[in-house]
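*Asks:* Quick one: structure below, then a few questions.
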Amino acid sequence: MPSPQELLREISGKALADLYAPPPAPPVPPYPQSKQTAATQAAEAPTAGAGDSKAAAQAVGAGAAAAMASRSPSAAVKPGAATTTASTAPSGAPARGPAGPSGPPIVTTPTAPPILKAGEQLPGFAVLRDDGTTSCGNWIYAGCWSQAGNLTARRDTSDPTGLGVFPNWGYAWPANRRILYNRASADKDGKPWDPTRRYMAWNGTSWAGGADVPDMRPDAAPEQGVGAFIMNPEGVARLHAVGMNEGPFPEHYEPFETPVGVNLMCPGNPKAVSNPAARVYKGDLEAFGKKEEFPYAATTYRLTEHLHYWTKHARSNAIVQPAPFVEIGEELAREKGIQQGDRVKVRSNRGEVIAACVVTKRMKALDVNGKKVHHVGIPIHWGFKGVTQNGYLANALTPFVGDANSQTPEFKAFLVNIEKA
């Protein structure tokens, strides 16, 4: 059975490592055993915990120098491990070389100092290793906090090239690049298609001649044929999506409960109003409401003060948002005779909920195909028992439809009616 490190390496992708990793470093020669081993040095180094954002990515041992030549981008999961350039060993014990247990101990040399010192923050994910020489809580934060400090907090609005890159504003993971697949901005020889917009340019030795950080290995010469679209297995752009169950091109579909009754992108096709590849069971299909009885569009959403349904059990969150409510616009409130704070009943063809009503300018009527459609907003965070006040479960109203690709339920948009309770 493969080890967790091997699985992580496989998931991360060898191709990704080949594209981003620096070129291999020269081998480190053996040093007399009487010298202090890198394992001993590593044992004395501070490590980064997964929950420490400042120490999110950190060099653990002096063996990181040679380990950086490895081409695995996997995040290390052994903070504090005592390591050498070739293997992991207990503190103070000599580590054996590539020849096996009988091989000579391998240590760092005074003439080839480590690229990274023990305890240093790593510059990015490309130097992460799974041999214990680096420690990282989550690889998508590697580089956000470097030796220079918290790069995500930078607020420098300068734009030296005038191309809208703003390289010193915050930090764009990975590697602070601002445009994905930016290799496509240059021709096969590395010359910008538009000389006035040099996002990427080959200067003869690296891709350092452009405004952005290269979205590929920076020393990959044009003649090596590394394409722009490195995350696609084909290495080239795609004209359409791959693996979509409803067809190769993205399409707009109305929710199964729609106040419009027609797909405005293809109004002449009654079979394409809603996604024809979605999963709907017969009983759920029969529970759909009609716009004549339920004329208002309802949407569910989250509040800043809560996280899904979990934080209703947290007292501090319950203090700032203690009770369920729904939102409607001022025009709909006038039509229905509803005042701020009134208790209202919101009904769909599947159920109903009762909650306080917030009348707000934010919820304006929509103009859809020349028809005015009012909107009812429903935060999702209540239902069942918590330290918040007991309230409705928003999904008492929602339809049960499985997305054609992800099977994610269509809980975001449906039809309701509303009245004073």
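Naming scheme: A, B, ... for chains in displayed order of the structure tokens; residues 1 onward per chain; ligands 1 onward as shown.
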Select from stretch 212-312 of chain A everything DSSP, run on the backbone, classes as strand (DSSP E), then give the selection as a list of chain:residue names.

*Replies:*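 The strand (DSSP E) residues within stretch 212-312 of chain A come out as A:Tyr296, A:Ala297, A:Ala298, A:Thr299, A:Thr300, A:Tyr301.
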
*Asks:* Any chance you could tabulate, as a Markdown table, the residues of stretch 263-331 of chain A at most 8 Å from stretch 344-368 of chain A with each one's nearest atom pair and distance in Å to one decimal, using only C-alpha atoms, in chain and rising number order?

*Replies:*
| residue | atom | partner | partner_atom | distance |
| --- | --- | --- | --- | --- |
| A:Ala287 | CA | A:Asn349 | CA | 6.3 |
| A:Phe288 | CA | A:Asn349 | CA | 6.3 |
| A:Gly289 | CA | A:Asn349 | CA | 5.1 |
| A:Phe294 | CA | A:Ser348 | CA | 6.8 |
| A:Pro324 | CA | A:Ala355 | CA | 6.0 |
| A:Phe325 | CA | A:Ala356 | CA | 4.7 |
| A:Val326 | CA | A:Cys357 | CA | 5.1 |
| A:Glu327 | CA | A:Val358 | CA | 4.7 |
| A:Ile328 | CA | A:Val359 | CA | 5.2 |
| A:Gly329 | CA | A:Met363 | CA | 4.4 |
| A:Glu330 | CA | A:Val359 | CA | 5.8 |
| A:Glu331 | CA | A:Ala365 | CA | 7.7 |

*Asks:* When you look at A:Gln407 with a cut-off of 12 Å (counting only C-alpha atoms), what residues show up, excluding the ones that are within fewer than 3 positions of it in the same chain? I need them as a PDB file with N, CA and C atoms, in the first residue's frame.

*Replies:*
ATOM      1  N   ASN A 245     -21.629  16.782 -18.375  1.00  0.00           N
ATOM      2  CA  ASN A 245     -22.667  15.809 -18.720  1.00  0.00           C
ATOM      3  C   ASN A 245     -23.730  16.363 -19.655  1.00  0.00           C
ATOM      4  N   ALA A 277     -30.057  17.505 -18.114  1.00  0.00           N
ATOM      5  CA  ALA A 277     -29.260  16.399 -17.583  1.00  0.00           C
ATOM      6  C   ALA A 277     -29.266  16.351 -16.062  1.00  0.00           C
ATOM      7  N   ALA A 278     -30.000  17.257 -15.419  1.00  0.00           N
ATOM      8  CA  ALA A 278     -30.056  17.261 -13.959  1.00  0.00           C
ATOM      9  C   ALA A 278     -30.781  16.018 -13.452  1.00  0.00           C
ATOM     10  N   ARG A 279     -30.478  15.642 -12.224  1.00  0.00           N
ATOM     11  CA  ARG A 279     -31.117  14.465 -11.626  1.00  0.00           C
ATOM     12  C   ARG A 279     -32.322  14.904 -10.802  1.00  0.00           C
ATOM     13  N   VAL A 280     -33.496  14.467 -11.194  1.00  0.00           N
ATOM     14  CA  VAL A 280     -34.728  14.784 -10.474  1.00  0.00           C
ATOM     15  C   VAL A 280     -35.565  13.511 -10.378  1.00  0.00           C
ATOM     16  N   PHE A 400     -35.645  19.641  -4.534  1.00  0.00           N
ATOM     17  CA  PHE A 400     -34.583  18.629  -4.525  1.00  0.00           C
ATOM     18  C   PHE A 400     -34.237  18.271  -5.961  1.00  0.00           C
ATOM     19  N   VAL A 401     -33.157  18.904  -6.430  1.00  0.00           N
ATOM     20  CA  VAL A 401     -32.663  18.716  -7.789  1.00  0.00           C
ATOM     21  C   VAL A 401     -31.158  18.517  -7.698  1.00  0.00           C
ATOM     22  N   GLY A 402     -30.633  17.494  -8.361  1.00  0.00           N
ATOM     23  CA  GLY A 402     -29.192  17.258  -8.361  1.00  0.00           C
ATOM     24  C   GLY A 402     -28.549  17.853  -9.596  1.00  0.00           C
ATOM     25  N   ASP A 403     -27.542  18.700  -9.398  1.00  0.00           N
ATOM     26  CA  ASP A 403     -26.817  19.275 -10.530  1.00  0.00           C
ATOM     27  C   ASP A 403     -26.302  18.165 -11.442  1.00  0.00           C
ATOM     28  N   ALA A 404     -26.293  18.431 -12.741  1.00  0.00           N
ATOM     29  CA  ALA A 404     -25.938  17.402 -13.718  1.00  0.00           C
ATOM     30  C   ALA A 404     -24.509  16.913 -13.572  1.00  0.00           C
ATOM     31  N   GLU A 410     -30.098  21.922  -5.798  1.00  0.00           N
ATOM     32  CA  GLU A 410     -30.507  23.247  -6.272  1.00  0.00           C
ATOM     33  C   GLU A 410     -31.265  23.957  -5.149  1.00  0.00           C
ATOM     34  N   PHE A 411     -30.525  24.323  -4.099  1.00  0.00           N
ATOM     35  CA  PHE A 411     -31.121  24.951  -2.928  1.00  0.00           C
ATOM     36  C   PHE A 411     -31.040  26.475  -2.980  1.00  0.00           C
TER      37      PHE A 411
END

*Asks:* Give the helix (DSSP H, G or I) residues of stretch 192-339 of chain A, as DSSP finds them on the backbone, and put them as a ChimeraX atom specification.

*Replies:* /A:222-224,270-272,282-286,310-313,315-320,330-336

*Asks:* Restricting the output to N, CA and C atoms, write the selected residues as a PDB file, in the first residue's frame.

*Replies:*
ATOM      1  N   PRO A 222      12.275  28.407 -24.455  1.00  0.00           N
ATOM      2  CA  PRO A 222      11.202  28.183 -25.430  1.00  0.00           C
ATOM      3  C   PRO A 222      11.368  26.903 -26.231  1.00  0.00           C
ATOM      4  N   GLU A 223      12.615  26.553 -26.563  1.00  0.00           N
ATOM      5  CA  GLU A 223      12.819  25.349 -27.377  1.00  0.00           C
ATOM      6  C   GLU A 223      12.472  24.062 -26.633  1.00  0.00           C
ATOM      7  N   GLN A 224      12.267  24.145 -25.311  1.00  0.00           N
ATOM      8  CA  GLN A 224      11.847  22.962 -24.568  1.00  0.00           C
ATOM      9  C   GLN A 224      10.375  22.641 -24.789  1.00  0.00           C
ATOM     10  N   PRO A 270     -38.402  24.825 -25.732  1.00  0.00           N
ATOM     11  CA  PRO A 270     -39.036  24.577 -24.429  1.00  0.00           C
ATOM     12  C   PRO A 270     -38.376  23.458 -23.637  1.00  0.00           C
ATOM     13  N   LYS A 271     -37.568  22.606 -24.285  1.00  0.00           N
ATOM     14  CA  LYS A 271     -36.903  21.514 -23.579  1.00  0.00           C
ATOM     15  C   LYS A 271     -35.610  21.964 -22.900  1.00  0.00           C
ATOM     16  N   ALA A 272     -35.218  23.204 -23.139  1.00  0.00           N
ATOM     17  CA  ALA A 272     -33.954  23.700 -22.588  1.00  0.00           C
ATOM     18  C   ALA A 272     -34.169  24.818 -21.577  1.00  0.00           C
ATOM     19  N   LYS A 282     -39.090  11.415  -9.583  1.00  0.00           N
ATOM     20  CA  LYS A 282     -40.474  11.676  -9.968  1.00  0.00           C
ATOM     21  C   LYS A 282     -41.242  12.401  -8.864  1.00  0.00           C
ATOM     22  N   GLY A 283     -41.087  11.958  -7.632  1.00  0.00           N
ATOM     23  CA  GLY A 283     -41.805  12.602  -6.544  1.00  0.00           C
ATOM     24  C   GLY A 283     -41.398  14.050  -6.348  1.00  0.00           C
ATOM     25  N   ASP A 284     -40.118  14.342  -6.517  1.00  0.00           N
ATOM     26  CA  ASP A 284     -39.645  15.722  -6.391  1.00  0.00           C
ATOM     27  C   ASP A 284     -40.125  16.570  -7.558  1.00  0.00           C
ATOM     28  N   LEU A 285     -40.191  15.966  -8.734  1.00  0.00           N
ATOM     29  CA  LEU A 285     -40.677  16.686  -9.907  1.00  0.00           C
ATOM     30  C   LEU A 285     -42.120  17.122  -9.703  1.00  0.00           C
ATOM     31  N   GLU A 286     -42.903  16.262  -9.079  1.00  0.00           N
ATOM     32  CA  GLU A 286     -44.311  16.583  -8.841  1.00  0.00           C
ATOM     33  C   GLU A 286     -44.484  17.639  -7.756  1.00  0.00           C
ATOM     34  N   TRP A 310     -23.177  25.568  11.708  1.00  0.00           N
ATOM     35  CA  TRP A 310     -22.390  25.197  12.874  1.00  0.00           C
ATOM     36  C   TRP A 310     -22.367  26.275  13.945  1.00  0.00           C
ATOM     37  N   THR A 311     -22.244  27.538  13.541  1.00  0.00           N
ATOM     38  CA  THR A 311     -21.998  28.581  14.532  1.00  0.00           C
ATOM     39  C   THR A 311     -23.247  28.984  15.293  1.00  0.00           C
ATOM     40  N   LYS A 312     -24.393  28.399  14.982  1.00  0.00           N
ATOM     41  CA  LYS A 312     -25.549  28.673  15.836  1.00  0.00           C
ATOM     42  C   LYS A 312     -25.357  28.058  17.222  1.00  0.00           C
ATOM     43  N   HIS A 313     -24.336  27.198  17.351  1.00  0.00           N
ATOM     44  CA  HIS A 313     -23.987  26.617  18.644  1.00  0.00           C
ATOM     45  C   HIS A 313     -22.953  27.463  19.383  1.00  0.00           C
ATOM     46  N   ARG A 315     -21.836  30.877  21.229  1.00  0.00           N
ATOM     47  CA  ARG A 315     -22.525  31.968  21.918  1.00  0.00           C
ATOM     48  C   ARG A 315     -22.198  33.331  21.313  1.00  0.00           C
ATOM     49  N   SER A 316     -20.930  33.578  20.962  1.00  0.00           N
ATOM     50  CA  SER A 316     -20.573  34.895  20.428  1.00  0.00           C
ATOM     51  C   SER A 316     -21.270  35.158  19.096  1.00  0.00           C
ATOM     52  N   ASN A 317     -21.376  34.143  18.246  1.00  0.00           N
ATOM     53  CA  ASN A 317     -22.084  34.321  16.982  1.00  0.00           C
ATOM     54  C   ASN A 317     -23.576  34.513  17.222  1.00  0.00           C
ATOM     55  N   ALA A 318     -24.103  33.803  18.205  1.00  0.00           N
ATOM     56  CA  ALA A 318     -25.528  33.920  18.510  1.00  0.00           C
ATOM     57  C   ALA A 318     -25.877  35.304  19.041  1.00  0.00           C
ATOM     58  N   ILE A 319     -24.930  35.954  19.680  1.00  0.00           N
ATOM     59  CA  ILE A 319     -25.190  37.295  20.200  1.00  0.00           C
ATOM     60  C   ILE A 319     -25.360  38.292  19.059  1.00  0.00           C
ATOM     61  N   VAL A 320     -24.520  38.203  18.031  1.00  0.00           N
ATOM     62  CA  VAL A 320     -24.573  39.192  16.949  1.00  0.00           C
ATOM     63  C   VAL A 320     -25.660  38.878  15.918  1.00  0.00           C
ATOM     64  N   GLU A 330     -38.610  47.220  -0.355  1.00  0.00           N
ATOM     65  CA  GLU A 330     -39.624  48.166   0.115  1.00  0.00           C
ATOM     66  C   GLU A 330     -40.891  48.111  -0.738  1.00  0.00           C
ATOM     67  N   GLU A 331     -40.745  47.950  -2.044  1.00  0.00           N
ATOM     68  CA  GLU A 331     -41.916  47.927  -2.921  1.00  0.00           C
ATOM     69  C   GLU A 331     -42.797  46.719  -2.635  1.00  0.00           C
ATOM     70  N   LEU A 332     -42.198  45.557  -2.482  1.00  0.00           N
ATOM     71  CA  LEU A 332     -42.977  44.361  -2.164  1.00  0.00           C
ATOM     72  C   LEU A 332     -43.615  44.487  -0.784  1.00  0.00           C
ATOM     73  N   ALA A 333     -42.902  45.091   0.157  1.00  0.00           N
ATOM     74  CA  ALA A 333     -43.455  45.279   1.502  1.00  0.00           C
ATOM     75  C   ALA A 333     -44.710  46.141   1.454  1.00  0.00           C
ATOM     76  N   ARG A 334     -44.697  47.187   0.642  1.00  0.00           N
ATOM     77  CA  ARG A 334     -45.885  48.036   0.515  1.00  0.00           C
ATOM     78  C   ARG A 334     -47.042  47.252  -0.103  1.00  0.00           C
ATOM     79  N   GLU A 335     -46.749  46.470  -1.131  1.00  0.00           N
ATOM     80  CA  GLU A 335     -47.799  45.694  -1.790  1.00  0.00           C
ATOM     81  C   GLU A 335     -48.447  44.693  -0.838  1.00  0.00           C
ATOM     82  N   LYS A 336     -47.658  44.124   0.062  1.00  0.00           N
ATOM     83  CA  LYS A 336     -48.170  43.082   0.957  1.00  0.00           C
ATOM     84  C   LYS A 336     -48.567  43.622   2.327  1.00  0.00           C
TER      85      LYS A 336
END

*Asks:* Using only C-alpha atoms for the distances, tell me which of A:Val387, A:Ala394, A:Ile418, A:Val127 is nearest to A:His375.

*Replies:*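 Selected residue with least distance to A:His375: A:Ile418.
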